[in-house]
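First comes the structure, then the notes that go with it.
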Amino acid sequence: MTALIFLDPRLHTPMYFLLSQLSLMDLMYISTTVPKMAINFLSGQKSISFLGCGVQMFFFVTIACSEGLLLASMAYDRFVAICHPLHYPVRMSKIMCLKMIIGTWILGSIHSLVHTIYALHLPYCRSRVINHFFCEVPTMLPLVCMDTWVYEYTIFGSTVIFLLLPFLGIMASYGRVLFAVFHMRSKEGRKKAFNTCSTHLTVVTFYYAPFVYTYLRPRSLRTPAEDKSLAVFYTILTPMLNPIIYSLRNKEVLGAMGRVWGMLSSRKK
């Protein structure tokens, strides 16, 4: 998806620039957890160094928060395009799009750095066995030999800011968008707008639902097996499905695939 958007000039619009960043984040998401998990599975040595755990934790939290903010930016893009089309070139200019992308990465990185540094400086004096397939902050807290209730409330607050608030903003934006779509006179425009929005809402639901369900519940109501099952959704399945959903349900992307494939085939000849 990232290469396709870069190669096809017709996809050089704010919506597809944001989509290219989503594809890049999904690629990094899977690269953060799956390779190490696969090595441990194939070698039978289920271990990770303390530093490696910190690095994995940093990239995971960075991408998780950045993607949450990016999905909110994509919802805002569709809101402006459908509800305020005349203002779209100003509100979603290339400069504004670039600021959104840089802002999501910076905020996600700063937030992740704070949590990673604090988590790595906690005193771990119990078992060093993490009951998970990757280093995630909530799964490391049971290994700490001090009361962590204050930090758990901090994680709860971070989840509200970086996941729940963007999710509510996305729902509000699409509520307004759907209202505008149903009042469109053009059937073709209504169909195109609805297809674009339904695709994004599918991605949003797959991404936010497991995250919110996991992080907004108290630790006493969760089980390690349940956490691992839900983590598969937001670390493996969702990043894998996003490019498929956006390509198969988007005529512009399918058209770009055909054009780029034809261009590459003609060069080979």
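All residue names refer to the structure tokens as shown: chains lettered A, B, ... in order, residues numbered from 1 in each chain, ligands numbered from 1 in order.
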
Long-range neighbours of Gly54 in chain A as JSON, numbers by chain, 10 Å cut-off, only C-alpha atoms, 2 positions minimum in chain: {"A": [48, 49, 50, 51, 52, 56, 57, 58, 59, 60, 113, 116, 117, 119, 120, 135, 136, 137]}

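Comparing the minimum interatomic distances between Met28 in chain A and each of A:Pro239, A:Gly103, A:Pro166, A:Gly255, counting only C-alpha atoms, we find that A:Pro239 sits nearest.
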
Residues of range 59-138 of chain A at most 10 Å from range 192-210 of chain A: nearest atom pair and distance in Å, only C-alpha atoms, as a tab-separated table:
```
residue	atom	partner	partner_atom	distance
A:Ala64	CA	A:Tyr207	CA	9.4
A:Glu67	CA	A:Tyr207	CA	9.1
A:Gly68	CA	A:Tyr208	CA	7.9
A:Leu71	CA	A:Val204	CA	7.1
A:Ala72	CA	A:Val204	CA	9.1
A:Met74	CA	A:His200	CA	8.2
A:Ala75	CA	A:His200	CA	7.8
A:Arg78	CA	A:Cys197	CA	7.5
A:Phe79	CA	A:Cys197	CA	9.5
A:Ala81	CA	A:Ala193	CA	9.4
A:Ile82	CA	A:Ala193	CA	7.5
```

For Asp8 in chain A: contacts at 9 Å, only C-alpha atoms, fewer than 4 positions along chain excluded, given as an MDAnalysis selection string: chainID A and resid 3:4 12 256:257 259:260

Write out the residues from the selection above, keeping C-alpha atoms, as a PDB file, in the first residue's frame.
```pdb
ATOM      1  CA  ALA A   3       4.670   1.757  -2.336  1.00  0.00           C
ATOM      2  CA  LEU A   4       1.465   1.923  -4.399  1.00  0.00           C
ATOM      3  CA  HIS A  12      -1.240  11.793  -3.918  1.00  0.00           C
ATOM      4  CA  ALA A 256      -3.936   2.165  -9.097  1.00  0.00           C
ATOM      5  CA  MET A 257      -2.810  -1.468  -8.742  1.00  0.00           C
ATOM      6  CA  ARG A 259      -1.930   1.069 -13.562  1.00  0.00           C
ATOM      7  CA  VAL A 260       1.248   0.390 -11.571  1.00  0.00           C
TER       8      VAL A 260
END
```

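Counting from CA of Phe41 in chain A, the distance to CA of Asp26 in chain A is 22.0 Å.
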
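Put simply, CA of Thr223 in chain A is 23.5 Å away from CA of Phe162 in chain A.
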
Residue list (helix (DSSP H, G or I), DSSP) for range 55-265 of chain A, as a ChimeraX atom specification: /A:55-83,85-91,94-120,137-143,149-182,187-215,219-221,224-248,251-265

Distance criterion (only C-alpha atoms): nearest to Pro218 in chain A out of A:Leu254, A:Leu7, A:Glu152, A:Cys65: A:Glu152

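Here CA of Leu164 in chain A stands at a distance of 7.0 Å from CA of Val212 in chain A.
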